[in-house]
$ cat model.cif   # mmCIF, C-alpha atoms
data_input
#
loop_
_atom_site.group_PDB
_atom_site.id
_atom_site.type_symbol
_atom_site.label_atom_id
_atom_site.label_comp_id
_atom_site.auth_asym_id
_atom_site.auth_seq_id
_atom_site.Cartn_x
_atom_site.Cartn_y
_atom_site.Cartn_z
ATOM 1 C CA MET Y 1 122.578 118.157 86.055
ATOM 2 C CA ILE Y 2 119.996 115.374 86.362
ATOM 3 C CA CYS Y 3 117.550 114.651 83.530
ATOM 4 C CA LEU Y 4 115.368 111.847 82.184
ATOM 5 C CA THR Y 5 115.976 110.333 78.779
ATOM 6 C CA GLU Y 6 114.194 107.767 76.666
ATOM 7 C CA ILE Y 7 115.812 104.348 76.510
ATOM 8 C CA ASN Y 8 116.540 103.578 72.877
ATOM 9 C CA GLN Y 9 118.724 101.525 70.541
ATOM 10 C CA HIS Y 10 121.729 103.713 71.335
ATOM 11 C CA ASN Y 11 121.734 103.745 75.146
ATOM 12 C CA TRP Y 12 120.215 100.425 76.226
ATOM 13 C CA PRO Y 13 123.652 98.716 76.403
ATOM 14 C CA ALA Y 14 124.744 101.358 78.945
ATOM 15 C CA ALA Y 15 121.561 100.692 80.917
ATOM 16 C CA LEU Y 16 122.497 97.013 81.230
ATOM 17 C CA LYS Y 17 125.766 98.009 82.926
ATOM 18 C CA LEU Y 18 124.038 99.771 85.842
ATOM 19 C CA ARG Y 19 124.435 98.030 89.220
ATOM 20 C CA VAL Y 20 123.030 98.283 92.718
ATOM 21 C CA THR Y 21 124.496 96.735 95.857
ATOM 22 C CA GLN Y 22 123.917 93.045 96.511
ATOM 23 C CA GLU Y 23 121.446 93.908 99.303
ATOM 24 C CA GLN Y 24 119.468 96.212 97.011
ATOM 25 C CA LEU Y 25 118.845 93.346 94.597
ATOM 26 C CA ASN Y 26 116.265 92.224 97.192
ATOM 27 C CA TYR Y 27 114.315 95.419 96.426
ATOM 28 C CA VAL Y 28 114.726 96.216 92.735
ATOM 29 C CA ALA Y 29 115.102 94.229 89.527
ATOM 30 C CA ASP Y 30 118.376 94.267 87.659
ATOM 31 C CA PRO Y 31 118.505 96.527 84.574
ATOM 32 C CA ALA Y 32 117.655 93.702 82.151
ATOM 33 C CA GLY Y 33 114.616 92.870 84.282
ATOM 34 C CA ILE Y 34 113.504 96.500 84.300
ATOM 35 C CA LEU Y 35 113.773 96.751 80.508
ATOM 36 C CA ALA Y 36 111.902 93.446 80.156
ATOM 37 C CA ARG Y 37 109.117 94.640 82.464
ATOM 38 C CA GLY Y 38 108.780 97.806 80.419
ATOM 39 C CA TYR Y 39 108.193 95.637 77.373
ATOM 40 C CA ALA Y 40 105.931 93.141 79.146
ATOM 41 C CA TYR Y 41 103.689 95.928 80.477
ATOM 42 C CA ARG Y 42 103.493 97.785 77.161
ATOM 43 C CA ASP Y 43 99.707 97.271 77.098
ATOM 44 C CA CYS Y 44 99.628 99.244 80.382
ATOM 45 C CA HIS Y 45 101.437 102.179 78.749
ATOM 46 C CA ALA Y 46 104.703 101.249 80.474
ATOM 47 C CA ARG Y 47 107.765 103.337 79.851
ATOM 48 C CA VAL Y 48 111.324 103.088 81.045
ATOM 49 C CA TRP Y 49 113.283 106.285 81.397
ATOM 50 C CA GLY Y 50 116.999 106.552 81.792
ATOM 51 C CA ILE Y 51 118.285 108.802 84.536
ATOM 52 C CA GLN Y 52 121.254 110.862 83.377
ATOM 53 C CA GLN Y 53 123.711 112.863 85.431
ATOM 54 C CA ASP Y 54 125.816 115.236 83.353
ATOM 55 C CA GLY Y 55 125.135 113.184 80.219
ATOM 56 C CA VAL Y 56 125.989 109.809 81.797
ATOM 57 C CA LEU Y 57 123.310 107.160 82.310
ATOM 58 C CA VAL Y 58 123.208 106.486 86.071
ATOM 59 C CA GLY Y 59 119.772 104.958 86.658
ATOM 60 C CA LEU Y 60 116.412 103.750 85.411
ATOM 61 C CA ALA Y 61 112.783 104.415 86.288
ATOM 62 C CA MET Y 62 109.860 102.304 85.070
ATOM 63 C CA VAL Y 63 106.282 103.569 85.245
ATOM 64 C CA ARG Y 64 103.120 101.851 84.087
ATOM 65 C CA GLU Y 65 99.435 102.590 84.349
ATOM 66 C CA PHE Y 66 97.152 100.397 86.428
ATOM 67 C CA ASP Y 67 94.821 98.325 84.308
ATOM 68 C CA ASP Y 68 92.380 97.844 87.188
ATOM 69 C CA GLU Y 69 90.825 100.008 89.897
ATOM 70 C CA PRO Y 70 91.923 102.368 91.250
ATOM 71 C CA LEU Y 71 93.288 103.795 88.029
ATOM 72 C CA GLY Y 72 96.579 105.620 88.321
ATOM 73 C CA TYR Y 73 100.272 105.337 87.717
ATOM 74 C CA GLU Y 74 102.587 102.830 89.351
ATOM 75 C CA LEU Y 75 106.266 103.536 89.761
ATOM 76 C CA GLN Y 76 107.221 99.910 89.489
ATOM 77 C CA GLN Y 77 111.004 100.136 89.357
ATOM 78 C CA PHE Y 78 113.465 102.841 90.367
ATOM 79 C CA LEU Y 79 117.208 102.202 90.266
ATOM 80 C CA VAL Y 80 120.235 104.430 90.788
ATOM 81 C CA ASP Y 81 123.640 102.865 90.145
ATOM 82 C CA HIS Y 82 125.513 102.220 93.398
ATOM 83 C CA ARG Y 83 128.364 104.541 92.336
ATOM 84 C CA HIS Y 84 125.936 107.480 92.162
ATOM 85 C CA GLN Y 85 123.891 106.892 95.310
ATOM 86 C CA GLY Y 86 124.047 109.320 98.216
ATOM 87 C CA GLN Y 87 124.499 112.304 95.899
ATOM 88 C CA GLY Y 88 120.861 113.390 95.590
ATOM 89 C CA VAL Y 89 120.416 111.730 92.193
ATOM 90 C CA GLY Y 90 117.457 109.615 93.316
ATOM 91 C CA THR Y 91 115.641 112.526 94.914
ATOM 92 C CA ALA Y 92 116.146 114.758 91.869
ATOM 93 C CA ALA Y 93 115.206 112.006 89.412
ATOM 94 C CA LEU Y 94 112.071 111.117 91.364
ATOM 95 C CA GLU Y 95 110.944 114.754 91.200
ATOM 96 C CA LEU Y 96 111.492 114.695 87.421
ATOM 97 C CA VAL Y 97 109.405 111.523 87.113
ATOM 98 C CA LEU Y 98 106.606 113.103 89.155
ATOM 99 C CA ASP Y 99 106.807 116.290 87.061
ATOM 100 C CA ARG Y 100 106.471 114.248 83.852
ATOM 101 C CA LEU Y 101 103.454 112.406 85.182
ATOM 102 C CA ARG Y 102 101.855 115.682 86.332
ATOM 103 C CA ALA Y 103 102.417 117.191 82.890
ATOM 104 C CA GLU Y 104 100.962 114.102 81.236
ATOM 105 C CA GLY Y 105 97.916 114.493 83.477
ATOM 106 C CA ARG Y 106 96.209 111.171 82.751
ATOM 107 C CA TRP Y 107 95.847 110.121 86.412
ATOM 108 C CA PRO Y 108 95.751 111.971 89.734
ATOM 109 C CA THR Y 109 98.047 109.638 91.688
ATOM 110 C CA VAL Y 110 101.177 107.533 91.468
ATOM 111 C CA GLU Y 111 101.787 104.563 93.723
ATOM 112 C CA VAL Y 112 104.872 102.623 94.691
ATOM 113 C CA CYS Y 113 105.296 99.437 96.718
ATOM 114 C CA VAL Y 114 108.377 99.493 98.980
ATOM 115 C CA LYS Y 115 109.696 96.781 101.281
ATOM 116 C CA LYS Y 116 109.465 97.914 104.897
ATOM 117 C CA THR Y 117 113.151 97.055 105.380
ATOM 118 C CA ASP Y 118 114.284 99.416 102.584
ATOM 119 C CA ALA Y 119 114.694 102.484 104.803
ATOM 120 C CA PRO Y 120 116.701 104.575 102.293
ATOM 121 C CA ALA Y 121 114.023 104.169 99.600
ATOM 122 C CA LEU Y 122 111.235 104.923 102.070
ATOM 123 C CA ARG Y 123 112.991 108.198 103.001
ATOM 124 C CA VAL Y 124 113.357 109.246 99.348
ATOM 125 C CA TYR Y 125 109.686 108.573 98.599
ATOM 126 C CA GLN Y 126 108.431 110.271 101.752
ATOM 127 C CA LYS Y 127 110.635 113.284 101.021
ATOM 128 C CA ALA Y 128 108.914 113.531 97.605
ATOM 129 C CA GLY Y 129 105.453 113.567 99.201
ATOM 130 C CA PHE Y 130 104.474 109.892 99.155
ATOM 131 C CA VAL Y 131 102.360 108.721 102.104
ATOM 132 C CA ASP Y 132 101.153 105.317 103.265
ATOM 133 C CA SER Y 133 97.989 104.415 101.341
ATOM 134 C CA GLY Y 134 96.866 101.997 104.049
ATOM 135 C CA TYR Y 135 96.552 99.174 101.522
ATOM 136 C CA VAL Y 136 98.397 95.939 102.276
ATOM 137 C CA ASP Y 137 98.961 93.705 99.273
ATOM 138 C CA PRO Y 138 98.387 90.118 100.440
ATOM 139 C CA GLU Y 139 101.064 88.964 97.979
ATOM 140 C CA VAL Y 140 103.632 91.348 99.526
ATOM 141 C CA PRO Y 141 102.726 91.721 103.215
ATOM 142 C CA ASP Y 142 106.245 92.886 104.116
ATOM 143 C CA ALA Y 143 105.853 96.011 101.967
ATOM 144 C CA VAL Y 144 104.145 99.355 102.347
ATOM 145 C CA ASN Y 145 102.133 100.871 99.522
ATOM 146 C CA LEU Y 146 102.804 104.566 99.180
ATOM 147 C CA VAL Y 147 100.795 107.045 97.148
ATOM 148 C CA CYS Y 148 101.578 110.558 95.927
ATOM 149 C CA LYS Y 149 98.909 112.986 94.747
ATOM 150 C CA LEU Y 150 99.830 114.566 91.432
ATOM 151 C CA THR Y 151 96.986 117.087 91.496
ATOM 152 C CA ASN Y 152 95.155 119.063 94.135
ATOM 153 C CA GLU Y 153 91.817 117.616 92.980
ATOM 154 C CA LEU Y 154 91.397 114.512 95.183
#

$ encode --input "model.cif" --output "structure tokens"
Amino acid sequence: MICLTEINQHNWPAALKLRVTQEQLNYVADPAGILARGYAYRDCHARVWGIQQDGVLVGLAMVREFDDEPLGYELQQFLVDHRHQGQGVGTAALELVLDRLRAEGRWPTVEVCVKKTDAPALRVYQKAGFVDSGYVDPEVPDAVNLVCKLTNEL
């Protein structure tokens, strides 16, 4: 069973042991970087959730709120340990993240920036309902900005 858990003083050492493939390091921060970003963006209501599979920490997700227009959520980091990829963990965990954000209900959308060369991640996000927003970030022109509606009210 897949679930989200808060990162705390008891499980953060396990989070630091998570690993992605060498190629994936071009797309996602390492676990220490994700935890640091969660702290650095605390003024933007950032939170880092652990992804658990059958009670074992197998990934991390970091969400923050935009502090400029358009207001919404940003899924800034999403990592599944390489030993647990290809098993549906990412897809299930992403749905749990979206469900949490829907339940929270502060913003109608969540965005994610994905490198165009990261085909597996693009498939997972598109499967969850993310679509190209049409925005091209001049600082990351080799990425696509995807958006997912969390409500029917847009």

$ atom_distance --input "model.cif" --atom1 "atom CA of Y:Val144" --atom2 "atom CA of Y:Leu25"
17.7 Å

$ closest_residue --input "model.cif" --among "Y:Leu71, Y:Val56, Y:Ile2, Y:Val136" --to "Y:Pro108" --atoms "all atoms listed in the file"
Y:Leu71

$ closest_residue --input "model.cif" --among "Y:Val112, Y:Leu79, Y:Tyr27, Y:Ala36" --to "Y:Tyr135" --atoms "only C-alpha atoms"
Y:Val112

$ atom_distance --input "model.cif" --atom1 "atom CA of Y:Glu74" --atom2 "atom CA of Y:Pro13"
25.1 Å

$ closest_residue --input "model.cif" --among "Y:Val114, Y:Leu16, Y:Val58, Y:Leu150" --to "Y:Gly90" --atoms "all atoms listed in the file"
Y:Val58

$ residues_near_point --input "model.cif" --point "(120.6, 106.2, 81.0)" --cutoff "9 Å" --atoms "all atoms listed in the file" --output "list in words"
Leu4, Thr5, Glu6, Ile7, Asn11, Trp12, Ala14, Ala15, Leu18, Trp49, Gly50, Ile51, Gln52, Gln53, Gly55, Val56, Leu57, Val58, Gly59 and Leu60 of chain Y

$ closest_residue --input "model.cif" --among "Y:Asp137, Y:Asp118, Y:Asp67, Y:Asp132" --to "Y:Glu23" --atoms "all atoms listed in the file"
Y:Asp118

$ residues_around --input "model.cif" --residues "Y:Asp99" --least-positions-apart "4" --cutoff "12 Å" --atoms "only C-alpha atoms" --output "PDB file with C-alpha atoms, keeping the file's coordinate frame"
ATOM      1  CA  CYS Y   3     117.550 114.651  83.530  1.00  0.00           C
ATOM      2  CA  LEU Y   4     115.368 111.847  82.184  1.00  0.00           C
ATOM      3  CA  ALA Y  92     116.146 114.758  91.869  1.00  0.00           C
ATOM      4  CA  ALA Y  93     115.206 112.006  89.412  1.00  0.00           C
ATOM      5  CA  LEU Y  94     112.071 111.117  91.364  1.00  0.00           C
ATOM      6  CA  GLU Y  95     110.944 114.754  91.200  1.00  0.00           C
ATOM      7  CA  ALA Y 103     102.417 117.191  82.890  1.00  0.00           C
ATOM      8  CA  GLU Y 104     100.962 114.102  81.236  1.00  0.00           C
ATOM      9  CA  GLY Y 105      97.916 114.493  83.477  1.00  0.00           C
ATOM     10  CA  THR Y 109      98.047 109.638  91.688  1.00  0.00           C
ATOM     11  CA  VAL Y 110     101.177 107.533  91.468  1.00  0.00           C
ATOM     12  CA  ALA Y 128     108.914 113.531  97.605  1.00  0.00           C
ATOM     13  CA  CYS Y 148     101.578 110.558  95.927  1.00  0.00           C
ATOM     14  CA  LYS Y 149      98.909 112.986  94.747  1.00  0.00           C
ATOM     15  CA  LEU Y 150      99.830 114.566  91.432  1.00  0.00           C
ATOM     16  CA  THR Y 151      96.986 117.087  91.496  1.00  0.00           C
TER      17      THR Y 151
END

$ residues_around --input "model.cif" --residues "Y:Tyr73" --least-positions-apart "2" --cutoff "8 Å" --atoms "all atoms listed in the file" --output "list of chain:residue names"
Y:Val63, Y:Arg64, Y:Glu65, Y:Phe66, Y:Leu71, Y:Leu75, Y:Trp107, Y:Thr109, Y:Val110, Y:Glu111

$ residues_around --input "model.cif" --residues "Y:Arg19" --least-positions-apart "6" --cutoff "9 Å" --atoms "all atoms listed in the file" --output "PyMOL selection string"
chain Y and resi 30-31+59+79-83
